[in-house]
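Visitor: Please find one structure pasted underneath; my questions will follow.
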Amino acid sequence: MKFREILRRCVFGTIGYIGSRDDLAKVEWQIRRNLPILGEFRLILVATNFVRGGDPGLAFANRAIWRSFFPDSIVLDSKRNRGHAIGAADLDNLLFDHCKANGIEWLCKGTNDIILEPPVLEIEVRAADFYFLNAIDFSAMKKYEFDFEAILSRLFFPQTNFYVINVAKTDYLVGKRFLDSSHAIVKGIPRFDGRIWEHIPNWSNENLLRKCVQRNCLTRFHLMDETLFLRVLQVVNEYAIDDCSHKNLEINGICHYHGITEPRDGAPKGIIHV
């Protein structure tokens, strides 16, 4: 079946950080870009955190932007911002908690910096509880000694920027006590630079998502076949990409976009089409 059939079961939940009016402009650009795909979903959920001590009008403006496109969208504002990694997990939990509390079975989870193009609807899939893209960077490939066959057969390290999950079959996403204890550790680190994995071994949002899938014994489907995933590995290797979130790689119509936009036509620039 086509992935479109799965997406139509889902609510779309997106997370993001708003630090300035410029961030709001990026959100609006992203929504306009994604409108043809976002229209496939029955409901839009938005979870956001904000710059500490910033303009209190940012939350109101963010809500107004989303509601101008999706009047029935549900906008969830976090009362705290605990940094890039822990803060993202807090926002992911906001989406999960809302789904759990409201009997929402299927969640398509994205971020405010994801571009979705029509090919995503046409991916051939089979029934599963979890649909994902594997994440890998150049340093991880070194650990596999650049053995592509081993990576193809053994890797399960799901990206957190885009996935579909049957929330009803999970207990929770990330333990809140674990996040609290992680935050207590990083608060005690002088001049903490946000690289939490350098201070707490194996800490990553991808690993936490993987643990949720494994703990709940979810069946899974990789949104890249072996041929496409091999091309991704070749690109990561060729460019020595040391960011497992695959920024600016368009994969089956999914792109974690951190490129440059053209002011006149708003077309994305700098994307590598895998």
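Chain labels follow the order of the structure tokens: the first chain is A, the next B, and so on; residue numbering restarts at 1 in every chain, and ligands are counted from 1 in their shown order.
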Find the residues near Pro56 in chain A: any atom within 12 Å, counting only C-alpha atoms, skip ones fewer than 5 places away on the same chain, and give them as a PyMOL selection string.

Guide: chain A and resi 18-21+49-51+61-62+77+79

Visitor: For Ala47 in chain A, work out the shell of residues within 10 Å, counting only C-alpha atoms and skipping chain neighbours fewer than 2 positions away, then give it as a PyMOL selection string.

Guide: chain A and resi 13-17+45+49+74-78+88+90-95+111-112

Visitor: Go ahead and write the residues just picked, all heavy atoms, as a short mmCIF file (atom, residue, chain, number, x, y, z; two decimals), in the first residue's frame.

Guide:
data_model
loop_
_atom_site.label_atom_id
_atom_site.label_comp_id
_atom_site.auth_asym_id
_atom_site.auth_seq_id
_atom_site.Cartn_x
_atom_site.Cartn_y
_atom_site.Cartn_z
N GLY A 13 1.98 16.00 14.22
CA GLY A 13 2.48 16.75 15.36
C GLY A 13 3.86 17.30 15.07
O GLY A 13 4.77 16.54 14.70
N THR A 14 4.04 18.60 15.21
CA THR A 14 5.32 19.21 14.93
C THR A 14 5.83 19.95 16.16
O THR A 14 5.04 20.49 16.94
CB THR A 14 5.23 20.18 13.73
OG1 THR A 14 6.52 20.75 13.44
CG2 THR A 14 4.23 21.29 13.98
N ILE A 15 7.15 19.95 16.33
CA ILE A 15 7.74 20.67 17.45
C ILE A 15 8.70 21.72 16.93
O ILE A 15 9.22 21.63 15.81
CB ILE A 15 8.48 19.72 18.43
CG1 ILE A 15 9.76 19.18 17.78
CG2 ILE A 15 7.58 18.60 18.89
CD1 ILE A 15 10.71 18.53 18.77
N GLY A 16 8.95 22.74 17.75
CA GLY A 16 9.90 23.77 17.34
C GLY A 16 10.20 24.75 18.46
O GLY A 16 9.50 24.81 19.47
N TYR A 17 11.26 25.51 18.22
CA TYR A 17 11.71 26.55 19.14
C TYR A 17 11.53 27.90 18.45
O TYR A 17 11.88 28.06 17.27
CB TYR A 17 13.18 26.32 19.49
CG TYR A 17 13.90 27.53 20.07
CD1 TYR A 17 13.70 27.90 21.40
CD2 TYR A 17 14.77 28.29 19.29
CE1 TYR A 17 14.35 29.00 21.93
CE2 TYR A 17 15.44 29.38 19.81
CZ TYR A 17 15.22 29.74 21.13
OH TYR A 17 15.86 30.83 21.66
N LEU A 45 -1.15 19.15 15.39
CA LEU A 45 -0.71 19.47 16.75
C LEU A 45 0.61 20.22 16.67
O LEU A 45 1.48 19.84 15.88
CB LEU A 45 -0.49 18.21 17.59
CG LEU A 45 -1.63 17.21 17.76
CD1 LEU A 45 -1.17 16.04 18.62
CD2 LEU A 45 -2.83 17.87 18.39
N ASN A 49 8.53 25.59 22.32
CA ASN A 49 9.12 26.30 23.45
C ASN A 49 9.74 27.60 22.93
O ASN A 49 9.92 27.78 21.72
CB ASN A 49 10.11 25.45 24.26
CG ASN A 49 11.23 24.87 23.42
OD1 ASN A 49 11.58 25.38 22.36
ND2 ASN A 49 11.82 23.78 23.87
N ILE A 74 -4.29 22.36 17.26
CA ILE A 74 -4.10 22.43 18.71
C ILE A 74 -2.66 22.85 18.97
O ILE A 74 -1.72 22.17 18.55
CB ILE A 74 -4.42 21.07 19.35
CG1 ILE A 74 -5.89 20.73 19.14
CG2 ILE A 74 -4.07 21.08 20.83
CD1 ILE A 74 -6.28 19.34 19.55
N VAL A 75 -2.50 23.98 19.64
CA VAL A 75 -1.18 24.56 19.86
C VAL A 75 -0.84 24.42 21.34
O VAL A 75 -1.53 24.95 22.21
CB VAL A 75 -1.14 26.04 19.43
CG1 VAL A 75 0.26 26.62 19.63
CG2 VAL A 75 -1.57 26.17 17.95
N LEU A 76 0.23 23.69 21.61
CA LEU A 76 0.66 23.39 22.98
C LEU A 76 1.96 24.14 23.25
O LEU A 76 2.98 23.87 22.61
CB LEU A 76 0.88 21.88 23.14
CG LEU A 76 -0.26 20.96 22.68
CD1 LEU A 76 0.21 19.52 22.63
CD2 LEU A 76 -1.46 21.11 23.63
N ASP A 77 1.95 25.06 24.18
CA ASP A 77 3.14 25.83 24.51
C ASP A 77 3.79 25.26 25.77
O ASP A 77 3.12 25.06 26.79
CB ASP A 77 2.79 27.30 24.76
CG ASP A 77 2.31 27.99 23.49
OD1 ASP A 77 2.63 27.50 22.39
OD2 ASP A 77 1.62 29.03 23.61
N SER A 78 5.08 25.00 25.67
CA SER A 78 5.82 24.52 26.84
C SER A 78 6.12 25.69 27.77
O SER A 78 6.48 26.78 27.31
CB SER A 78 7.12 23.85 26.40
OG SER A 78 7.88 23.46 27.52
N ALA A 88 13.79 19.32 23.30
CA ALA A 88 13.09 18.61 22.22
C ALA A 88 12.33 17.41 22.76
O ALA A 88 11.20 17.12 22.35
CB ALA A 88 14.08 18.18 21.14
N ASP A 90 11.14 17.12 25.78
CA ASP A 90 9.98 17.67 26.49
C ASP A 90 8.83 17.93 25.51
O ASP A 90 7.66 17.64 25.81
CB ASP A 90 10.34 18.97 27.19
CG ASP A 90 11.19 18.77 28.45
OD1 ASP A 90 11.11 17.68 29.06
OD2 ASP A 90 11.93 19.71 28.82
N LEU A 91 9.15 18.50 24.36
CA LEU A 91 8.12 18.81 23.37
C LEU A 91 7.54 17.54 22.76
O LEU A 91 6.32 17.43 22.54
CB LEU A 91 8.69 19.72 22.28
CG LEU A 91 9.10 21.12 22.71
CD1 LEU A 91 9.67 21.90 21.53
CD2 LEU A 91 7.93 21.88 23.33
N ASP A 92 8.40 16.56 22.49
CA ASP A 92 7.90 15.27 21.99
C ASP A 92 6.92 14.66 22.98
O ASP A 92 5.88 14.11 22.61
CB ASP A 92 9.06 14.31 21.74
CG ASP A 92 9.87 14.66 20.50
OD1 ASP A 92 9.45 15.55 19.73
OD2 ASP A 92 10.94 14.05 20.31
N ASN A 93 7.27 14.74 24.27
CA ASN A 93 6.37 14.21 25.30
C ASN A 93 5.04 14.96 25.34
O ASN A 93 3.99 14.36 25.61
CB ASN A 93 7.05 14.27 26.67
CG ASN A 93 7.93 13.07 26.95
OD1 ASN A 93 7.80 12.02 26.32
ND2 ASN A 93 8.82 13.20 27.92
N LEU A 94 5.08 16.27 25.08
CA LEU A 94 3.83 17.03 25.01
C LEU A 94 2.90 16.45 23.95
O LEU A 94 1.71 16.30 24.16
CB LEU A 94 4.11 18.50 24.70
CG LEU A 94 4.34 19.48 25.85
CD1 LEU A 94 4.55 20.89 25.29
CD2 LEU A 94 3.17 19.47 26.82
N LEU A 95 3.47 16.14 22.78
CA LEU A 95 2.66 15.56 21.70
C LEU A 95 2.12 14.20 22.12
O LEU A 95 0.92 13.91 21.95
CB LEU A 95 3.50 15.40 20.44
CG LEU A 95 4.03 16.67 19.76
CD1 LEU A 95 4.86 16.30 18.54
CD2 LEU A 95 2.89 17.60 19.36
N THR A 111 8.99 18.18 12.62
CA THR A 111 9.56 19.37 13.25
C THR A 111 9.29 20.56 12.36
O THR A 111 8.98 20.41 11.18
CB THR A 111 11.08 19.22 13.48
OG1 THR A 111 11.70 18.89 12.23
CG2 THR A 111 11.39 18.13 14.48
N ASN A 112 9.46 21.76 12.91
CA ASN A 112 9.19 22.96 12.15
C ASN A 112 10.18 23.18 11.01
O ASN A 112 9.97 24.08 10.19
CB ASN A 112 9.19 24.19 13.06
CG ASN A 112 7.98 24.24 13.96
OD1 ASN A 112 7.09 23.39 13.90
ND2 ASN A 112 7.92 25.27 14.81
#

Visitor: Quick one: residues within 10 Å of Ser182 in chain A, only C-alpha atoms, excluding same-chain residues fewer than 2 positions away - as a VMD selection string?

Guide: chain A and resid 86 176 to 180 184 to 187 196 199 to 200 203

Visitor: Produce a file of the selected residues containing all heavy atoms, as a CSV table (one decimal), in the first residue's frame.

Guide:
chain,number,residue,atom,x,y,z
A,86,ILE,N,17.2,18.1,25.6
A,86,ILE,CA,16.2,17.8,26.6
A,86,ILE,C,14.9,18.6,26.2
A,86,ILE,O,13.8,18.0,26.4
A,86,ILE,CB,16.7,18.1,28.0
A,86,ILE,CG1,17.9,17.3,28.4
A,86,ILE,CG2,15.6,18.0,29.0
A,86,ILE,CD1,18.5,17.7,29.7
A,176,LYS,N,10.0,11.0,32.2
A,176,LYS,CA,10.2,12.4,32.7
A,176,LYS,C,11.2,12.5,33.8
A,176,LYS,O,11.9,13.5,33.9
A,176,LYS,CB,8.8,12.9,33.1
A,176,LYS,CG,7.9,13.1,31.8
A,176,LYS,CD,6.5,13.5,32.2
A,176,LYS,CE,5.7,13.5,30.9
A,176,LYS,NZ,4.2,13.7,31.1
A,177,ARG,N,11.2,11.4,34.7
A,177,ARG,CA,12.3,11.4,35.7
A,177,ARG,C,13.7,11.4,35.1
A,177,ARG,O,14.6,12.0,35.6
A,177,ARG,CB,12.1,10.3,36.7
A,177,ARG,CG,10.8,10.4,37.6
A,177,ARG,CD,10.8,9.2,38.6
A,177,ARG,NE,9.6,9.4,39.5
A,177,ARG,CZ,9.3,8.5,40.4
A,177,ARG,NH1,10.0,7.4,40.5
A,177,ARG,NH2,8.2,8.6,41.1
A,178,PHE,N,13.8,10.6,34.0
A,178,PHE,CA,15.1,10.6,33.4
A,178,PHE,C,15.5,11.9,32.8
A,178,PHE,O,16.6,12.4,32.9
A,178,PHE,CB,15.0,9.5,32.2
A,178,PHE,CG,16.2,9.6,31.3
A,178,PHE,CD1,17.4,9.0,31.7
A,178,PHE,CD2,16.1,10.2,30.0
A,178,PHE,CE1,18.5,9.0,30.8
A,178,PHE,CE2,17.2,10.2,29.2
A,178,PHE,CZ,18.4,9.7,29.6
A,179,LEU,N,14.5,12.6,32.2
A,179,LEU,CA,14.8,14.0,31.7
A,179,LEU,C,15.1,14.9,32.8
A,179,LEU,O,16.1,15.8,32.6
A,179,LEU,CB,13.6,14.5,30.9
A,179,LEU,CG,13.3,13.7,29.6
A,179,LEU,CD1,12.0,14.3,28.9
A,179,LEU,CD2,14.5,13.8,28.6
A,180,ASP,N,14.4,14.8,33.9
A,180,ASP,CA,14.7,15.7,35.0
A,180,ASP,C,16.2,15.5,35.6
A,180,ASP,O,16.9,16.4,35.9
A,180,ASP,CB,13.7,15.5,36.2
A,180,ASP,CG,12.3,16.0,35.8
A,180,ASP,OD1,12.2,16.8,34.9
A,180,ASP,OD2,11.4,15.6,36.5
A,184,ALA,N,19.4,18.0,35.6
A,184,ALA,CA,20.1,18.3,36.8
A,184,ALA,C,21.6,18.1,36.6
A,184,ALA,O,22.4,18.9,37.1
A,184,ALA,CB,19.7,17.4,38.0
A,185,ILE,N,22.0,17.1,35.8
A,185,ILE,CA,23.4,16.9,35.5
A,185,ILE,C,24.0,18.1,34.7
A,185,ILE,O,25.0,18.6,35.0
A,185,ILE,CB,23.6,15.6,34.8
A,185,ILE,CG1,23.3,14.4,35.7
A,185,ILE,CG2,25.0,15.5,34.2
A,185,ILE,CD1,23.3,13.0,35.0
A,186,VAL,N,23.3,18.4,33.6
A,186,VAL,CA,23.9,19.4,32.7
A,186,VAL,C,23.9,20.8,33.4
A,186,VAL,O,24.7,21.7,33.0
A,186,VAL,CB,23.1,19.5,31.3
A,186,VAL,CG1,23.2,18.1,30.6
A,186,VAL,CG2,21.7,19.9,31.5
A,187,LYS,N,22.9,21.1,34.3
A,187,LYS,CA,22.9,22.4,35.0
A,187,LYS,C,24.2,22.5,35.8
A,187,LYS,O,24.6,23.7,36.1
A,187,LYS,CB,21.7,22.5,35.9
A,187,LYS,CG,20.4,22.9,35.1
A,187,LYS,CD,19.4,23.5,36.1
A,187,LYS,CE,19.0,22.5,37.2
A,187,LYS,NZ,18.0,23.1,38.1
A,196,ILE,N,25.1,17.2,25.0
A,196,ILE,CA,24.8,16.4,26.2
A,196,ILE,C,25.4,15.0,26.1
A,196,ILE,O,25.8,14.4,27.1
A,196,ILE,CB,23.3,16.3,26.4
A,196,ILE,CG1,22.9,15.6,27.7
A,196,ILE,CG2,22.6,15.5,25.2
A,196,ILE,CD1,21.4,15.8,28.1
A,199,HIS,N,28.7,14.2,27.9
A,199,HIS,CA,28.7,14.2,29.3
A,199,HIS,C,27.8,13.1,29.9
A,199,HIS,O,28.1,12.6,31.0
A,199,HIS,CB,28.1,15.6,29.9
A,199,HIS,CG,28.8,16.8,29.4
A,199,HIS,ND1,30.0,17.2,29.9
A,199,HIS,CD2,28.6,17.6,28.3
A,199,HIS,CE1,30.5,18.3,29.3
A,199,HIS,NE2,29.6,18.5,28.3
A,200,ILE,N,26.8,12.6,29.2
A,200,ILE,CA,26.0,11.5,29.6
A,200,ILE,C,26.1,10.5,28.5
A,200,ILE,O,25.5,10.7,27.4
A,200,ILE,CB,24.5,11.9,29.8
A,200,ILE,CG1,24.5,13.0,30.9
A,200,ILE,CG2,23.7,10.7,30.3
A,200,ILE,CD1,23.1,13.6,31.1
A,203,TRP,N,23.5,9.4,25.4
A,203,TRP,CA,22.3,10.2,25.4
A,203,TRP,C,22.1,10.8,24.0
A,203,TRP,O,22.9,11.6,23.5
A,203,TRP,CB,22.5,11.4,26.4
A,203,TRP,CG,21.2,11.9,27.0
A,203,TRP,CD1,20.8,11.8,28.3
A,203,TRP,CD2,20.1,12.7,26.4
A,203,TRP,NE1,19.6,12.4,28.5
A,203,TRP,CE2,19.2,12.9,27.4
A,203,TRP,CE3,19.9,13.1,25.1
A,203,TRP,CZ2,18.0,13.6,27.1
A,203,TRP,CZ3,18.8,13.8,24.8
A,203,TRP,CH2,17.8,14.1,25.8

Visitor: Provide the CA of Ala135 in chain A to CA of Gln214 in chain A distance in Å, to one decimal place.

Guide: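 Going from CA of Ala135 in chain A over to CA of Gln214 in chain A, I get 16.2 Å.
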
Visitor: Quick one: residues within 10 Å of Arg220 in chain A, only C-alpha atoms, excluding same-chain residues fewer than 6 positions away - as a PyMOL selection string?

Guide: chain A and resi 126-132+156+164-165+213-214

Visitor: Just all heavy atoms for this one: save the residues we selected as a CSV table (one decimal), in the first residue's frame.

Guide:
chain,number,residue,atom,x,y,z
A,126,ARG,N,4.4,-1.5,4.0
A,126,ARG,CA,3.5,-2.6,4.5
A,126,ARG,C,3.1,-2.2,5.9
A,126,ARG,O,3.6,-1.3,6.6
A,126,ARG,CB,4.3,-3.9,4.6
A,126,ARG,CG,5.5,-3.9,5.5
A,126,ARG,CD,6.1,-5.3,5.6
A,126,ARG,NE,7.2,-5.4,6.6
A,126,ARG,CZ,8.4,-5.1,6.3
A,126,ARG,NH1,8.8,-4.9,5.1
A,126,ARG,NH2,9.4,-5.2,7.3
A,127,ALA,N,2.1,-3.0,6.5
A,127,ALA,CA,1.6,-2.7,7.8
A,127,ALA,C,2.7,-2.8,8.9
A,127,ALA,O,3.4,-3.7,8.9
A,127,ALA,CB,0.4,-3.6,8.1
A,128,ALA,N,2.7,-1.8,9.7
A,128,ALA,CA,3.7,-1.8,10.8
A,128,ALA,C,3.2,-0.8,11.9
A,128,ALA,O,2.2,-0.1,11.7
A,128,ALA,CB,5.1,-1.3,10.3
A,129,ASP,N,3.8,-0.8,13.1
A,129,ASP,CA,3.5,0.1,14.1
A,129,ASP,C,4.3,1.4,14.1
A,129,ASP,O,4.0,2.4,14.8
A,129,ASP,CB,3.7,-0.6,15.5
A,129,ASP,CG,2.9,-1.9,15.7
A,129,ASP,OD1,1.8,-1.9,15.3
A,129,ASP,OD2,3.5,-2.8,16.2
A,130,PHE,N,5.5,1.3,13.4
A,130,PHE,CA,6.4,2.4,13.4
A,130,PHE,C,7.1,2.5,12.0
A,130,PHE,O,7.6,1.6,11.5
A,130,PHE,CB,7.5,2.1,14.5
A,130,PHE,CG,8.6,3.2,14.6
A,130,PHE,CD1,8.2,4.5,15.1
A,130,PHE,CD2,9.9,2.9,14.4
A,130,PHE,CE1,9.2,5.4,15.3
A,130,PHE,CE2,10.9,3.9,14.5
A,130,PHE,CZ,10.5,5.1,15.0
A,131,TYR,N,7.0,3.7,11.5
A,131,TYR,CA,7.6,4.0,10.2
A,131,TYR,C,8.7,5.1,10.4
A,131,TYR,O,8.4,6.1,11.0
A,131,TYR,CB,6.6,4.5,9.2
A,131,TYR,CG,5.4,3.5,8.9
A,131,TYR,CD1,4.4,3.4,9.8
A,131,TYR,CD2,5.5,2.7,7.8
A,131,TYR,CE1,3.3,2.5,9.5
A,131,TYR,CE2,4.5,1.7,7.5
A,131,TYR,CZ,3.4,1.6,8.4
A,131,TYR,OH,2.4,0.7,8.2
A,132,PHE,N,9.9,4.9,9.8
A,132,PHE,CA,11.0,5.7,10.2
A,132,PHE,C,12.0,5.8,9.1
A,132,PHE,O,12.0,5.1,8.1
A,132,PHE,CB,11.6,5.2,11.5
A,132,PHE,CG,12.4,3.9,11.2
A,132,PHE,CD1,13.8,3.9,11.1
A,132,PHE,CD2,11.7,2.7,11.1
A,132,PHE,CE1,14.4,2.6,10.9
A,132,PHE,CE2,12.3,1.5,10.9
A,132,PHE,CZ,13.7,1.5,10.7
A,156,PHE,N,19.6,0.2,13.5
A,156,PHE,CA,18.3,0.7,13.8
A,156,PHE,C,18.5,1.9,14.8
A,156,PHE,O,18.7,1.8,16.0
A,156,PHE,CB,17.4,-0.3,14.5
A,156,PHE,CG,16.1,0.3,15.0
A,156,PHE,CD1,15.3,0.9,14.1
A,156,PHE,CD2,15.6,0.1,16.3
A,156,PHE,CE1,14.0,1.5,14.5
A,156,PHE,CE2,14.4,0.7,16.7
A,156,PHE,CZ,13.6,1.4,15.8
A,164,VAL,N,6.4,8.0,11.9
A,164,VAL,CA,5.0,7.7,12.2
A,164,VAL,C,4.9,6.6,13.3
A,164,VAL,O,5.7,5.6,13.1
A,164,VAL,CB,4.2,7.3,11.0
A,164,VAL,CG1,2.8,6.7,11.3
A,164,VAL,CG2,4.0,8.5,10.1
A,165,ILE,N,4.1,6.7,14.3
A,165,ILE,CA,4.1,5.7,15.4
A,165,ILE,C,2.7,5.5,15.9
A,165,ILE,O,1.9,6.4,15.9
A,165,ILE,CB,5.0,6.2,16.5
A,165,ILE,CG1,5.2,5.1,17.6
A,165,ILE,CG2,4.5,7.5,17.2
A,165,ILE,CD1,6.3,5.3,18.5
A,213,VAL,N,10.6,2.2,20.9
A,213,VAL,CA,10.1,1.2,20.0
A,213,VAL,C,10.5,-0.2,20.4
A,213,VAL,O,9.6,-1.1,20.4
A,213,VAL,CB,10.7,1.5,18.6
A,213,VAL,CG1,10.4,0.4,17.6
A,213,VAL,CG2,10.3,2.9,18.1
A,214,GLN,N,11.7,-0.4,20.9
A,214,GLN,CA,12.1,-1.7,21.3
A,214,GLN,C,11.4,-2.2,22.6
A,214,GLN,O,11.0,-3.3,22.7
A,214,GLN,CB,13.6,-1.7,21.6
A,214,GLN,CG,14.4,-1.5,20.3
A,214,GLN,CD,15.9,-1.4,20.5
A,214,GLN,OE1,16.3,-0.9,21.6
A,214,GLN,NE2,16.7,-1.8,19.5

Visitor: Record the distance separating CA of Val46 in chain A and CA of Val125 in chain A, expressed in Å with one decimal.

Guide: 26.4 Å

Visitor: Take CA of His273 in chain A and CA of Arg9 in chain A and report the distance between them in Å, one decimal.

Guide: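 We find that CA of His273 in chain A and CA of Arg9 in chain A lie 27.7 Å from each other.
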
Visitor: Output as JSON lines one row per residue of range 14-122 of chain A within 12 Å of range 240-247 of chain A: the closest atom pair and its distance in Å to one decimal place, counting only C-alpha atoms, sorted by chain and residue number ascending.

Guide:
{"residue": "A:Thr111", "atom": "CA", "partner": "A:Ser245", "partner_atom": "CA", "distance": 11.7}
{"residue": "A:Asp113", "atom": "CA", "partner": "A:Lys247", "partner_atom": "CA", "distance": 9.5}
{"residue": "A:Ile114", "atom": "CA", "partner": "A:Lys247", "partner_atom": "CA", "distance": 9.3}
{"residue": "A:Ile115", "atom": "CA", "partner": "A:Lys247", "partner_atom": "CA", "distance": 10.8}

Visitor: Keeping N, CA, C and O atoms for every residue in the selection just given, could you write it to a file as a CSV table (one decimal), in the first residue's frame?

Guide:
chain,number,residue,atom,x,y,z
A,111,THR,N,9.0,18.2,12.6
A,111,THR,CA,9.6,19.4,13.3
A,111,THR,C,9.3,20.6,12.4
A,111,THR,O,9.0,20.4,11.2
A,113,ASP,N,11.2,22.4,11.0
A,113,ASP,CA,12.2,22.6,9.9
A,113,ASP,C,12.2,21.4,8.9
A,113,ASP,O,13.2,21.1,8.3
A,114,ILE,N,11.1,20.7,8.8
A,114,ILE,CA,11.0,19.6,7.8
A,114,ILE,C,10.2,20.1,6.6
A,114,ILE,O,9.2,20.8,6.8
A,115,ILE,N,10.7,19.7,5.4
A,115,ILE,CA,9.9,20.0,4.2
A,115,ILE,C,9.4,18.6,3.7
A,115,ILE,O,10.1,17.6,3.7

Visitor: At a cut-off of 7 Å, using only C-alpha atoms, what residues contact range 224-233 of chain A? Leave out same-chain residues fewer than 2 positions from it and give the result as a ChimeraX atom specification.

Guide: /A:133,152,222,235-237,274

Visitor: Keeping all heavy atoms for every residue in the selection just given, could you write it to a file as a CSV table (one decimal), in the first residue's frame?

Guide:
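Okay, part19.csv is ready:
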chain,number,residue,atom,x,y,z
A,133,LEU,N,13.0,6.8,9.3
A,133,LEU,CA,14.2,6.9,8.5
A,133,LEU,C,15.4,6.6,9.4
A,133,LEU,O,15.4,7.3,10.5
A,133,LEU,CB,14.3,8.3,7.9
A,133,LEU,CG,13.3,8.7,6.9
A,133,LEU,CD1,13.4,10.2,6.6
A,133,LEU,CD2,13.4,7.9,5.6
A,152,LEU,N,23.4,-1.8,6.6
A,152,LEU,CA,22.1,-2.1,6.0
A,152,LEU,C,21.4,-3.2,6.8
A,152,LEU,O,20.2,-3.1,7.0
A,152,LEU,CB,22.3,-2.6,4.6
A,152,LEU,CG,22.7,-1.5,3.5
A,152,LEU,CD1,23.0,-2.2,2.2
A,152,LEU,CD2,21.6,-0.5,3.3
A,222,HIS,N,11.1,0.6,7.5
A,222,HIS,CA,12.1,1.6,7.1
A,222,HIS,C,11.6,2.3,5.8
A,222,HIS,O,11.3,1.6,4.8
A,222,HIS,CB,13.5,1.0,6.9
A,222,HIS,CG,14.6,2.0,6.8
A,222,HIS,ND1,15.8,1.8,6.2
A,222,HIS,CD2,14.7,3.3,7.2
A,222,HIS,CE1,16.5,2.8,6.2
A,222,HIS,NE2,15.9,3.8,6.9
A,235,VAL,N,26.4,9.2,0.1
A,235,VAL,CA,26.4,10.6,0.2
A,235,VAL,C,27.1,11.0,1.6
A,235,VAL,O,27.9,11.9,1.6
A,235,VAL,CB,25.0,11.2,0.1
A,235,VAL,CG1,25.0,12.7,0.5
A,235,VAL,CG2,24.5,11.1,-1.3
A,236,VAL,N,26.7,10.4,2.7
A,236,VAL,CA,27.2,10.7,4.0
A,236,VAL,C,28.7,10.4,4.0
A,236,VAL,O,29.5,11.2,4.5
A,236,VAL,CB,26.5,9.8,5.1
A,236,VAL,CG1,27.3,9.9,6.4
A,236,VAL,CG2,25.1,10.2,5.2
A,237,ASN,N,29.2,9.3,3.3
A,237,ASN,CA,30.6,9.0,3.2
A,237,ASN,C,31.3,10.0,2.3
A,237,ASN,O,32.4,10.5,2.7
A,237,ASN,CB,30.7,7.6,2.6
A,237,ASN,CG,32.2,7.1,2.6
A,237,ASN,OD1,32.9,7.5,3.5
A,237,ASN,ND2,32.5,6.4,1.6
A,274,VAL,N,18.6,12.8,-2.9
A,274,VAL,CA,19.3,11.5,-2.9
A,274,VAL,C,18.5,10.5,-3.8
A,274,VAL,O,17.3,10.5,-3.8
A,274,VAL,CB,19.3,10.9,-1.5
A,274,VAL,CG1,20.0,9.5,-1.4
A,274,VAL,CG2,20.0,11.9,-0.5

Visitor: Given only C-alpha atoms as the basis, pick out the residue of A:Glu105, A:Asp97, A:Glu198, A:Glu117 nearest to Asn34 in chain A.

Guide: A:Glu117

Visitor: Neighbouring residues of Arg210 in chain A were defined as those with any atom within 10 Å, considering only C-alpha atoms; residues of the same chain fewer than 2 positions away were excluded. Please report them as a list in words.

Guide: Phe156, Phe157, Pro158, Gln159, Thr160, Leu173, Ser204, Asn205, Glu206, Asn207, Leu208, Cys212, Val213, Gln214 and Arg215 of chain A

Visitor: Determine, counting only C-alpha atoms, which protein, DNA and RNA residues have an atom within 12 Å of an atom of Asp72 in chain A; residues of the same chain fewer than 3 positions away are not included. Present the result as a PyMOL selection string.

Guide: chain A and resi 11+41-46+63-64+66-69+75

Visitor: Tell me which of A:Glu28, A:Glu124, A:Asp193, A:Asp147 sits closest to Gln234 in chain A, counting only C-alpha atoms.

Guide: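 Between A:Glu28, A:Glu124, A:Asp193, A:Asp147, the residue approaching Gln234 in chain A most closely is A:Asp147.
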
Visitor: So which one's closest to Phe221 in chain A, A:Ile271, A:Ile123, A:Leu107, A:Leu24? Using only C-alpha atoms, please.

Guide: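 Using only C-alpha atoms, the shortest distance to Phe221 in chain A belongs to A:Ile123.
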